[in-house]
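Shown here: run-v7.cif, mmCIF, C-alpha atoms.
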```
data_protein
loop_
_atom_site.label_atom_id
_atom_site.label_comp_id
_atom_site.auth_asym_id
_atom_site.auth_seq_id
_atom_site.Cartn_x
_atom_site.Cartn_y
_atom_site.Cartn_z
CA MET X 1 75.55 170.73 127.08
CA ALA X 2 78.99 171.26 128.53
CA ARG X 3 80.37 169.10 131.30
CA PRO X 4 81.53 170.64 134.56
CA GLY X 5 84.99 171.93 133.71
CA GLY X 6 84.03 172.67 130.13
CA GLU X 7 85.72 169.66 128.48
CA PRO X 8 83.55 167.85 125.93
CA ALA X 9 82.88 164.23 126.84
CA ILE X 10 83.76 162.74 123.47
CA VAL X 11 86.41 163.76 120.97
CA VAL X 12 86.74 161.87 117.68
CA THR X 13 89.61 162.70 115.34
CA VAL X 14 90.00 161.26 111.85
CA ALA X 15 93.23 161.86 109.91
CA ARG X 16 93.41 160.69 106.31
CA THR X 17 96.95 160.24 104.98
CA GLY X 18 98.53 158.50 102.00
CA GLY X 19 96.89 158.44 98.62
CA PHE X 20 98.72 159.23 95.38
CA ALA X 21 99.13 162.85 96.47
CA GLY X 22 100.35 162.03 99.99
CA LEU X 23 98.26 164.86 101.44
CA ARG X 24 97.04 164.88 105.06
CA THR X 25 93.45 165.86 105.83
CA GLN X 26 91.98 165.90 109.33
CA TRP X 27 88.46 166.07 110.71
CA ARG X 28 87.55 166.46 114.39
CA VAL X 29 84.31 166.38 116.27
CA THR X 30 83.54 167.05 119.93
CA SER X 31 80.30 166.05 121.59
CA ASP X 32 78.69 165.48 124.97
CA ASP X 33 76.03 163.23 123.51
CA SER X 34 77.25 159.73 124.30
CA ASP X 35 73.97 158.19 123.15
CA GLU X 36 74.64 159.58 119.69
CA TRP X 37 78.29 158.51 119.41
CA MET X 38 79.17 155.64 121.76
CA PRO X 39 77.08 152.85 120.16
CA LEU X 40 78.74 153.51 116.79
CA ILE X 41 82.19 153.82 118.37
CA GLU X 42 81.68 150.55 120.26
CA ALA X 43 80.50 148.82 117.09
CA CYS X 44 83.89 149.37 115.40
CA PRO X 45 86.29 146.39 115.56
CA TRP X 46 89.15 148.35 117.21
CA ASP X 47 91.29 145.31 117.99
CA THR X 48 90.87 143.45 114.72
CA VAL X 49 91.55 145.89 111.90
CA THR X 50 92.04 144.02 108.64
CA ALA X 51 95.39 144.84 107.01
CA ASP X 52 95.65 145.53 103.27
CA PRO X 53 99.12 144.37 102.19
CA HIS X 54 98.48 144.58 98.43
CA SER X 55 97.20 148.08 97.78
CA ARG X 56 99.43 151.01 96.85
CA ASP X 57 98.51 154.71 96.94
CA ARG X 58 95.35 154.07 98.94
CA TYR X 59 94.34 156.16 101.95
CA ILE X 60 94.98 155.25 105.57
CA TYR X 61 92.53 156.57 108.18
CA THR X 62 93.94 157.12 111.65
CA ILE X 63 90.96 157.26 113.98
CA GLU X 64 91.23 158.38 117.58
CA VAL X 65 88.50 158.53 120.20
CA THR X 66 88.78 160.08 123.63
CA ALA X 67 85.83 159.58 125.98
CA PRO X 68 85.47 159.27 129.78
CA ARG X 69 87.69 156.37 130.93
CA LYS X 70 88.24 155.41 127.32
CA ARG X 71 90.87 156.06 124.68
CA ARG X 72 90.85 154.22 121.37
CA THR X 73 93.07 154.51 118.30
CA ALA X 74 93.28 152.52 115.09
CA ALA X 75 94.91 152.89 111.67
CA VAL X 76 92.37 151.62 109.17
CA PRO X 77 93.34 151.02 105.53
CA GLU X 78 90.82 152.40 103.03
CA ALA X 79 89.98 148.89 101.82
CA SER X 80 88.94 147.96 105.38
CA LEU X 81 86.87 151.11 105.91
CA VAL X 82 83.52 149.37 105.74
CA GLY X 83 80.52 148.91 108.03
CA PRO X 84 80.74 150.87 111.32
CA TRP X 85 84.21 152.26 110.44
CA LYS X 86 82.85 153.88 107.30
CA GLU X 87 79.76 155.09 109.13
CA LEU X 88 81.88 156.63 111.90
CA VAL X 89 84.29 158.37 109.50
CA GLU X 90 81.47 159.75 107.36
CA LYS X 91 79.64 160.96 110.47
CA VAL X 92 82.76 162.80 111.67
CA GLN X 93 83.37 164.25 108.19
CA SER X 94 79.82 165.57 107.93
CA THR X 95 79.42 166.87 111.50
CA MET A 1 102.73 142.43 54.77
CA MET A 2 99.90 142.10 57.27
CA HIS A 3 99.49 143.42 60.82
CA GLY A 4 96.90 142.17 63.21
CA ILE A 5 96.09 140.75 66.60
CA VAL A 6 96.24 137.01 66.28
CA PRO A 7 93.58 135.18 68.25
CA PRO A 8 94.68 131.99 70.01
CA TYR A 9 92.70 129.68 67.67
CA LEU A 10 94.58 131.07 64.68
CA LEU A 11 97.92 130.74 66.47
CA THR A 12 97.04 127.11 67.13
CA ARG A 13 96.24 126.57 63.49
CA ILE A 14 99.46 128.17 62.26
CA ALA A 15 101.45 126.19 64.81
CA ARG A 16 100.10 122.95 63.38
CA LEU A 17 100.91 123.77 59.74
CA ASP A 18 102.90 120.90 58.29
CA ASP A 19 104.22 122.58 55.19
CA GLU A 20 107.84 123.44 54.41
CA ARG A 21 106.86 126.90 53.18
CA PHE A 22 105.27 127.81 56.53
CA ALA A 23 107.88 126.20 58.79
CA VAL A 24 109.10 129.50 60.26
CA ALA A 25 105.58 130.74 60.89
CA ALA A 26 104.67 127.48 62.59
CA VAL A 27 107.63 127.70 64.96
CA ALA A 28 106.81 131.31 65.75
CA ALA A 29 103.23 130.41 66.54
CA GLN A 30 104.39 127.48 68.71
CA ASN A 31 106.62 129.89 70.63
CA ALA A 32 103.70 132.20 71.23
CA LEU A 33 101.57 129.33 72.46
CA ARG A 34 104.23 128.00 74.82
CA HIS A 35 103.02 130.46 77.44
CA ASP A 36 100.18 129.08 79.46
CA GLU A 37 97.99 132.18 79.39
CA PRO A 38 94.83 131.14 77.59
CA MET A 39 94.19 134.60 76.15
CA ARG A 40 97.69 135.60 75.16
CA ALA A 41 97.75 138.22 72.41
CA ALA A 42 100.59 138.94 70.02
CA ARG A 43 101.26 141.20 67.07
CA LEU A 44 102.20 139.02 64.12
CA THR A 45 103.96 140.45 61.10
CA PHE A 46 104.09 138.40 57.90
CA SER A 47 106.53 139.14 55.12
CA LEU A 48 108.27 137.28 52.29
CA SER A 49 112.02 136.85 52.31
CA ASP A 50 114.18 137.26 49.18
CA SER A 51 113.97 133.52 48.60
CA GLY A 52 110.20 133.58 48.80
CA ALA A 53 109.90 132.01 52.23
CA LEU A 54 107.17 133.25 54.55
CA VAL A 55 108.62 135.09 57.55
CA ALA A 56 106.51 135.64 60.63
CA GLU A 57 107.61 137.93 63.49
CA PHE A 58 105.92 138.21 66.85
CA ALA A 59 105.72 141.24 69.12
CA ASP A 60 103.97 141.34 72.47
CA THR A 61 100.77 143.35 72.66
CA PRO A 62 98.69 144.34 75.66
CA THR A 63 95.37 142.84 76.68
CA ARG A 64 93.52 145.83 78.08
CA ALA A 65 90.08 146.17 79.64
CA VAL A 66 88.84 149.47 81.04
CA SER A 67 85.77 149.33 83.28
CA ASP A 68 83.44 152.05 84.54
CA ALA A 69 82.51 152.07 88.24
CA ALA A 70 79.82 154.72 87.48
CA ALA A 71 80.60 156.77 90.62
CA THR A 72 80.30 153.75 92.94
CA GLU A 73 83.08 152.14 95.01
CA THR A 74 82.31 148.70 93.65
CA LEU A 75 85.05 147.01 91.62
CA PRO A 76 85.53 146.18 88.82
CA GLY A 77 82.46 147.92 87.36
CA ARG A 78 81.09 147.45 83.87
CA VAL A 79 83.59 146.90 81.03
CA ALA A 80 83.53 149.98 78.79
CA ARG A 81 86.34 149.20 76.34
CA ARG A 82 88.22 146.01 75.61
CA GLU A 83 91.46 145.40 73.72
CA GLY A 84 91.12 146.38 70.09
CA GLY A 85 87.80 148.14 70.68
CA ASP A 86 87.14 151.51 69.09
CA PRO A 87 87.37 154.70 71.16
CA VAL A 88 84.20 155.40 73.12
CA ALA A 89 82.46 158.68 73.98
CA ASP A 90 83.85 158.64 77.54
CA VAL A 91 87.15 160.57 77.64
CA ALA A 92 88.36 158.95 80.89
CA VAL A 93 87.91 155.46 79.42
CA ASN A 94 89.99 156.37 76.37
CA GLU A 95 92.67 158.14 78.44
CA ALA A 96 93.06 155.04 80.62
CA TYR A 97 93.10 152.73 77.58
CA ASP A 98 95.73 154.81 75.78
CA GLY A 99 97.77 155.31 78.95
CA LEU A 100 97.91 151.57 79.60
CA GLY A 101 99.05 151.14 75.99
CA SER A 102 101.83 153.72 76.38
CA THR A 103 102.98 152.07 79.61
CA PHE A 104 102.93 148.60 78.04
CA ALA A 105 104.95 150.01 75.11
CA LEU A 106 107.76 151.35 77.33
CA TYR A 107 108.16 148.07 79.20
CA SER A 108 107.84 145.91 76.09
CA GLU A 109 109.82 147.91 73.53
CA VAL A 110 112.59 149.24 75.78
CA TYR A 111 112.99 146.61 78.50
CA GLY A 112 111.58 143.55 76.72
CA ARG A 113 109.05 143.01 79.51
CA ASN A 114 105.69 141.56 78.48
CA SER A 115 103.28 143.38 80.80
CA ILE A 116 103.22 143.66 84.60
CA ASP A 117 104.32 140.10 85.34
CA GLY A 118 106.54 139.64 82.27
CA ARG A 119 104.13 136.96 81.05
CA GLY A 120 101.40 138.97 79.36
CA LEU A 121 99.16 139.64 82.37
CA PRO A 122 96.00 141.48 81.23
CA LEU A 123 95.96 145.17 82.12
CA ASP A 124 92.73 145.97 83.94
CA ALA A 125 91.65 149.44 84.95
CA THR A 126 88.55 151.02 86.46
CA VAL A 127 87.61 154.68 85.93
CA HIS A 128 84.94 156.89 87.56
CA TYR A 129 85.58 155.26 90.96
CA GLY A 130 83.58 156.83 93.79
CA ARG A 131 82.06 160.28 93.99
CA LEU A 132 84.44 163.25 93.59
CA TYR A 133 87.19 160.77 94.47
CA ASP A 134 90.60 162.50 94.74
CA ASN A 135 92.86 159.55 94.14
CA ALA A 136 94.23 156.81 91.91
CA PHE A 137 95.50 153.51 93.28
CA TRP A 138 96.67 149.98 92.55
CA ASN A 139 94.78 147.33 94.54
CA GLY A 140 97.09 144.42 93.77
CA GLU A 141 95.11 143.45 90.66
CA ARG A 142 93.95 146.57 88.85
CA MET A 143 94.48 150.30 88.47
CA VAL A 144 91.66 152.46 89.80
CA PHE A 145 91.09 156.12 88.94
CA GLY A 146 88.85 158.76 90.51
CA ASP A 147 87.34 161.75 88.74
CA GLY A 148 88.70 164.27 91.24
CA ASP A 149 86.59 166.85 93.04
CA GLY A 150 86.71 169.39 90.22
CA VAL A 151 87.88 172.11 92.61
CA ILE A 152 91.42 171.01 93.50
CA PHE A 153 91.84 167.83 91.48
CA ALA A 154 90.72 167.09 87.92
CA SER A 155 90.36 163.53 86.62
CA PHE A 156 93.26 161.23 87.52
CA THR A 157 93.30 159.67 84.03
CA GLY A 158 94.34 163.06 82.61
CA SER A 159 98.01 162.55 83.45
CA LEU A 160 100.03 159.86 81.69
CA SER A 161 102.66 159.84 84.46
CA VAL A 162 99.90 158.86 86.93
CA ILE A 163 98.83 155.90 84.78
CA GLY A 164 102.45 154.79 84.36
CA HIS A 165 102.95 155.22 88.12
CA GLU A 166 100.02 152.95 89.00
CA LEU A 167 100.93 150.21 86.52
CA THR A 168 104.51 150.28 87.79
CA HIS A 169 103.23 149.41 91.27
CA GLY A 170 102.13 146.18 89.60
CA VAL A 171 105.57 145.66 88.05
CA THR A 172 107.23 146.25 91.44
CA GLN A 173 104.82 143.77 93.04
CA TYR A 174 106.05 141.08 90.61
CA THR A 175 109.75 142.04 90.84
CA ALA A 176 111.53 143.72 93.79
CA ASN A 177 108.30 143.71 95.86
CA LEU A 178 109.64 146.60 97.94
CA ALA A 179 107.98 146.65 101.38
CA TYR A 180 105.56 149.57 101.60
CA GLN A 181 106.92 151.15 104.76
CA GLY A 182 109.70 153.62 105.55
CA GLN A 183 112.70 153.77 103.19
CA SER A 184 111.79 150.69 101.13
CA GLY A 185 108.28 152.12 100.83
CA ALA A 186 109.64 155.45 99.62
CA LEU A 187 111.74 153.49 97.09
CA ASN A 188 108.58 151.65 95.98
CA GLU A 189 106.92 155.04 95.42
CA SER A 190 109.99 156.45 93.70
CA VAL A 191 110.23 153.51 91.29
CA SER A 192 106.61 154.23 90.30
CA ASP A 193 107.41 157.92 89.78
CA VAL A 194 110.57 157.07 87.79
CA PHE A 195 108.82 154.79 85.32
CA GLY A 196 105.69 156.97 85.30
CA ALA A 197 107.87 159.86 84.12
CA LEU A 198 109.67 157.61 81.63
CA VAL A 199 106.35 156.41 80.15
CA GLU A 200 105.48 160.04 79.49
CA GLN A 201 108.93 160.90 78.07
CA HIS A 202 109.02 157.77 75.88
CA SER A 203 105.52 158.48 74.59
CA LEU A 204 106.42 162.09 73.73
CA GLY A 205 109.93 161.26 72.49
CA GLN A 206 111.42 163.71 74.99
CA SER A 207 115.09 163.93 75.87
CA VAL A 208 116.25 164.47 79.46
CA ASP A 209 116.56 168.22 78.95
CA LYS A 210 113.15 168.63 77.27
CA ALA A 211 111.19 166.64 79.86
CA SER A 212 109.22 168.31 82.67
CA TRP A 213 110.17 165.70 85.31
CA LEU A 214 106.79 166.41 86.89
CA ILE A 215 104.50 163.73 88.29
CA GLY A 216 100.80 164.42 87.90
CA ASP A 217 101.13 167.27 85.43
CA GLY A 218 97.55 168.40 84.67
CA LEU A 219 96.02 166.88 87.82
CA PHE A 220 95.41 170.21 89.53
CA THR A 221 92.61 172.47 88.37
CA ASP A 222 93.38 176.06 87.34
CA GLN A 223 92.42 177.17 90.85
CA VAL A 224 95.52 175.59 92.42
CA GLU A 225 98.86 177.40 92.54
CA GLY A 226 101.00 174.56 91.28
CA SER A 227 102.12 172.70 88.21
CA ALA A 228 101.92 169.10 89.44
CA LEU A 229 101.99 166.89 92.54
CA ARG A 230 105.69 166.17 92.56
CA SER A 231 108.86 167.35 90.84
CA MET A 232 111.64 164.83 90.38
CA LYS A 233 114.04 167.54 89.28
CA ALA A 234 113.32 169.82 92.23
CA PRO A 235 111.35 168.01 94.97
CA GLY A 236 109.50 170.47 97.20
CA THR A 237 108.69 172.95 94.41
CA ALA A 238 105.74 171.32 92.58
CA TYR A 239 103.10 173.49 94.27
CA ASP A 240 102.69 176.30 96.78
CA ASP A 241 99.02 176.96 97.37
CA ASP A 242 96.87 178.77 99.95
CA VAL A 243 94.70 175.71 100.56
CA LEU A 244 97.14 172.83 99.96
CA GLY A 245 100.19 174.48 101.45
CA LYS A 246 103.64 173.93 100.01
CA ASP A 247 104.94 170.72 98.40
CA PRO A 248 106.54 168.99 101.43
CA GLN A 249 108.90 166.62 99.58
CA PRO A 250 112.53 166.60 100.75
CA ALA A 251 115.23 166.80 98.07
CA ASP A 252 118.05 165.18 100.03
CA PHE A 253 118.62 162.64 102.79
CA GLU A 254 119.46 165.30 105.37
CA HIS A 255 115.81 166.35 105.25
CA TYR A 256 114.32 162.82 105.40
CA ILE A 257 110.92 163.04 107.14
CA THR A 258 110.15 160.68 110.03
CA THR A 259 106.39 160.27 110.47
CA ASP A 260 103.76 157.65 111.28
CA ASP A 261 101.49 158.98 108.52
CA ASP A 262 101.37 157.52 105.04
CA ASN A 263 103.27 154.30 105.89
CA GLY A 264 106.17 156.39 107.15
CA GLY A 265 105.94 159.16 104.59
CA VAL A 266 106.39 157.01 101.49
CA HIS A 267 104.92 159.74 99.26
CA LEU A 268 107.16 162.38 100.85
CA ASN A 269 110.57 160.74 101.11
CA SER A 270 110.30 159.39 97.56
CA GLY A 271 111.55 162.87 96.59
CA ILE A 272 115.08 161.84 97.63
CA PRO A 273 115.55 158.82 95.30
CA ASN A 274 113.48 160.64 92.64
CA ARG A 275 116.04 163.43 92.52
CA ALA A 276 118.92 160.93 92.53
CA PHE A 277 117.41 159.37 89.39
CA TYR A 278 117.01 162.78 87.76
CA LEU A 279 120.65 163.68 88.53
CA VAL A 280 121.87 160.41 86.98
CA ALA A 281 119.70 160.93 83.88
CA HIS A 282 120.79 164.56 83.56
CA ARG A 283 124.46 163.64 83.74
CA LEU A 284 124.11 160.92 81.11
CA GLY A 285 121.94 163.04 78.79
CA GLY A 286 120.04 161.69 75.79
CA THR A 287 116.84 159.84 76.50
CA ALA A 288 116.42 158.78 80.12
CA TRP A 289 114.64 155.49 79.41
CA GLU A 290 117.75 154.21 77.59
CA SER A 291 120.31 155.26 80.17
CA ALA A 292 119.30 155.76 83.80
CA GLY A 293 116.00 153.94 83.18
CA ARG A 294 117.79 150.80 82.06
CA ILE A 295 119.94 150.83 85.21
CA TRP A 296 116.90 151.27 87.45
CA TYR A 297 115.01 148.52 85.58
CA ASP A 298 117.98 146.16 86.00
CA THR A 299 118.00 147.06 89.70
CA ILE A 300 114.36 146.23 90.43
CA THR A 301 114.57 143.00 88.42
CA GLY A 302 117.91 142.01 89.97
CA PRO A 303 118.82 140.75 93.43
CA LEU A 304 117.31 143.15 95.95
CA ALA A 305 115.90 142.62 99.45
CA PRO A 306 112.26 143.77 99.80
CA THR A 307 113.21 145.79 102.89
CA VAL A 308 116.25 147.46 101.28
CA ASP A 309 117.05 150.99 102.48
CA PHE A 310 118.20 153.96 100.37
CA ALA A 311 121.92 153.12 100.74
CA GLY A 312 121.33 149.47 99.85
CA PHE A 313 119.28 150.43 96.79
CA ALA A 314 121.94 152.97 95.77
CA ALA A 315 124.63 150.27 95.98
CA ALA A 316 122.42 147.97 93.90
CA THR A 317 122.09 150.63 91.17
CA VAL A 318 125.89 150.96 91.08
CA ALA A 319 126.21 147.18 90.75
CA ALA A 320 123.56 147.13 87.98
CA ALA A 321 125.33 149.92 86.07
CA ALA A 322 128.68 148.14 86.42
CA LYS A 323 127.20 144.86 85.21
CA ARG A 324 125.63 146.39 82.12
CA PHE A 325 128.10 149.15 81.22
CA GLY A 326 131.35 148.16 82.96
CA ALA A 327 132.89 149.11 86.31
CA ALA A 328 134.86 152.02 84.82
CA SER A 329 131.97 153.33 82.73
CA ALA A 330 130.52 156.83 82.64
CA GLU A 331 127.24 155.26 83.76
CA VAL A 332 128.76 154.04 87.04
CA ASP A 333 130.26 157.48 87.67
CA ALA A 334 126.90 159.11 86.96
CA VAL A 335 125.06 156.78 89.34
CA ARG A 336 127.57 157.43 92.15
CA ALA A 337 127.34 161.19 91.55
CA GLY A 338 123.52 161.07 91.52
CA TRP A 339 123.29 159.46 94.94
CA ALA A 340 126.05 161.70 96.31
CA GLY A 341 123.94 164.64 95.11
CA VAL A 342 121.15 163.68 97.51
CA GLY A 343 123.43 162.68 100.39
CA VAL A 344 123.04 158.90 100.10
CA ALA A 345 126.10 156.66 100.23
CA SER A 346 126.32 154.22 97.31
CA ASP A 347 129.60 152.50 98.16
CA GLY A 348 128.19 149.83 100.49
CA ALA A 349 127.78 146.22 99.48
CA PRO A 350 124.51 145.74 97.57
CA ARG A 351 122.17 144.00 99.97
CA GLY A 352 119.87 141.24 98.89
#
```
Taking this structure as input, can you express it in the form of structure tokens?
Amino acid sequence: MARPGGEPAIVVTVARTGGFAGLRTQWRVTSDDSDEWMPLIEACPWDTVTADPHSRDRYIYTIEVTAPRKRRTAAVPEASLVGPWKELVEKVQST
Amino acid sequence: MMHGIVPPYLLTRIARLDDERFAVAAVAAQNALRHDEPMRAARLTFSLSDSGALVAEFADTPTRAVSDAAATETLPGRVARREGGDPVADVAVNEAYDGLGSTFALYSEVYGRNSIDGRGLPLDATVHYGRLYDNAFWNGERMVFGDGDGVIFASFTGSLSVIGHELTHGVTQYTANLAYQGQSGALNESVSDVFGALVEQHSLGQSVDKASWLIGDGLFTDQVEGSALRSMKAPGTAYDDDVLGKDPQPADFEHYITTDDDNGGVHLNSGIPNRAFYLVAHRLGGTAWESAGRIWYDTITGPLAPTVDFAGFAAATVAAAAKRFGAASAEVDAVRAGWAGVGVASDGAPRG
């Protein structure tokens, strides 16, 4: 289901950086199904990401969402990738 | 002569001995007990002197515990091998146990440091973390190792330099506490690579010229075109693979990478101070843990601001070399030449 103009309604990008190897891996999903994606996206605590000042060599997930009238980004340390964050990242990775 | 791990109750008993013949042993035991760690371990050597007096000598020993997360992401997992326990059937458990021992040995025997905090902190590790987990990390309290995916990465316990790298993050946390961002973050990473490499060299008895100077040797499976994750001798040359691409580490300051990823590229820009260390070690020759390693250890345990940049750290290594070996020493010349070789000035005032 493409929107008029052909642009997908929702784009979610997950970039995983850091780790012992320092390698960058990126996953990206595009969708017009806001019922499938928006509740999970809205459930993520975008403005209150918990920092992880103690860990070394862990991953950092940079998550970016573009949707109609909405643009969200967050850098989530691996230790804080729980609950809806983890669900969202795993959904993007497996889509 | 007798060797053994002395449990605290026995130390207490020896310390209380009120007998002229055991006076030295009692004092030694009292010294061991002065530390407030309830589970402190020590290696005690008894011998008789020419005059027949009992002589007791103490050496620090590690207190290791390796746990198994059994493919979950729950820490710490179930303890699979404790200090003094026999090898188990699980190779990763034994690799972690032995690797922690080799790392403890470098810090204790060469630098006189008793574990991560200098006060006998137990060394805790967890293996088999997660499913096909391609990483090893330090979480502020323990070292955690994944099994790798089996396609690109093999088990992370298979490389001694990786184990030494992770434990050194603990040492840095208790010493220089280098901020994990930008240049100080790259220095934090480099310090872990430096002592990770030295753990391996010390364990194998390798001189500067015989050592590989690779970090993560053996981590890649046979399917990857590459020898290791990083090369301290030649950053940027560790791998060149169809899937992974080419090792992106810069070898000099001119090619410093500015990025928002990875806390400002801490695993990339570490190549610059890594190569400076190699150049110093190469110029001094012999065994690197005795020469360049001693200067770097003095630097991270000396006055140093947590947010120090490359130039500030370089100046601090010069000051450390001058303090230990003299201002006109070959060591100071080697340190200056090492930093010059990667385009970092070392003639500023040490900051911190």
Mind listing as a ChimeraX atom specification which residues of chain X are within 10 Å of chain A, counting only C-alpha atoms?
-> /X:15-25,52-62,75,79
Just say which residues the PyMOL selection byres ((chain X and resi 31-37) around 6) picks in this file, as number ranges by chain.
-> X: 8-10, 30, 38-40
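Taking CA of Thr287 in chain A and CA of Leu219 in chain A as endpoints, the distance between them is 24.7 Å.
The list of residues with at least one atom within 9 Å of Val191 in chain A, based on only C-alpha atoms and without residues fewer than 5 positions apart in the same chain, reads His165, Thr168, His169, Thr172, Ala186, Gly196, Ser270, Pro273, Asn274, Trp296, Tyr297 and Ile300 of chain A.
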Run the PyMOL selection byres ((chain A and resi 106) around 9) mentally over the shown coordinates, then write out the matched residues as number ranges by chain, using the chain letters and numbers from the document.
-> A: 101-105, 107-113, 195, 198-199, 202-203, 289
Take the residues from that selection and put them in a file with C-alpha atoms, as a PDB file, keeping the file's coordinate frame.
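Writing the result to result32.pdb gives the following:
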```pdb
ATOM      1  CA  GLY A 101      99.050 151.140  75.990  1.00  0.00           C
ATOM      2  CA  SER A 102     101.830 153.720  76.380  1.00  0.00           C
ATOM      3  CA  THR A 103     102.980 152.070  79.610  1.00  0.00           C
ATOM      4  CA  PHE A 104     102.930 148.600  78.040  1.00  0.00           C
ATOM      5  CA  ALA A 105     104.950 150.010  75.110  1.00  0.00           C
ATOM      6  CA  TYR A 107     108.160 148.070  79.200  1.00  0.00           C
ATOM      7  CA  SER A 108     107.840 145.910  76.090  1.00  0.00           C
ATOM      8  CA  GLU A 109     109.820 147.910  73.530  1.00  0.00           C
ATOM      9  CA  VAL A 110     112.590 149.240  75.780  1.00  0.00           C
ATOM     10  CA  TYR A 111     112.990 146.610  78.500  1.00  0.00           C
ATOM     11  CA  GLY A 112     111.580 143.550  76.720  1.00  0.00           C
ATOM     12  CA  ARG A 113     109.050 143.010  79.510  1.00  0.00           C
ATOM     13  CA  PHE A 195     108.820 154.790  85.320  1.00  0.00           C
ATOM     14  CA  LEU A 198     109.670 157.610  81.630  1.00  0.00           C
ATOM     15  CA  VAL A 199     106.350 156.410  80.150  1.00  0.00           C
ATOM     16  CA  HIS A 202     109.020 157.770  75.880  1.00  0.00           C
ATOM     17  CA  SER A 203     105.520 158.480  74.590  1.00  0.00           C
ATOM     18  CA  TRP A 289     114.640 155.490  79.410  1.00  0.00           C
TER      19      TRP A 289
END
```
Could you pull the residues within 7 Å of Phe58 in chain A, counting only C-alpha atoms, minus those fewer than 5 positions along the same chain, as JSON, numbers by chain?
-> {"A": [42, 43, 44, 45]}
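CA of Leu48 in chain A is found 18.1 Å from CA of Ala15 in chain A.
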All residues 10 Å or closer to Asn269 in chain A, only C-alpha atoms, same chain fewer than 6 positions away omitted, as a list in words | Gly182, Gln183, Gly185, Ala186, Leu187, Glu189, Ser190, Pro235, Pro248, Gln249, Pro250, Ala251, Asp252, Phe253, His255, Tyr256, Ile257 and Thr258 of chain A
Check what the PyMOL selection byres ((chain A and resi 222) around 10) selects in the file above and give those residues as a PyMOL selection string.
-> chain A and resi 150-154+218-221+223-227
Which residue, X:Gly83, X:Glu78, X:Thr95, X:Val89, has the smallest gap to Val65 in chain X when you use only C-alpha atoms?
-> X:Val89
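Each of A:Arg324, A:Arg81, A:Gly348, A:Val127 was compared to Asp309 in chain A using only C-alpha atoms, and A:Gly348 turns out to be the nearest.
Shortest separation to Tyr174 in chain A among A:Leu160, A:Leu121, A:Met232, A:Ala211 occurs at residue A:Leu121, atoms counted being all atoms listed in the file.
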Separation of CA of Gly236 in chain A and CA of Trp213 in chain A, in Å?
-> 12.8 Å
Within 9 Å of Ala321 in chain A, counting all atoms listed in the file, which residues show up once you throw out same-chain ones fewer than 6 positions away? Write them as a PyMOL selection string, please.
-> chain A and resi 292+294-296+298-299+327+329+331-332+335
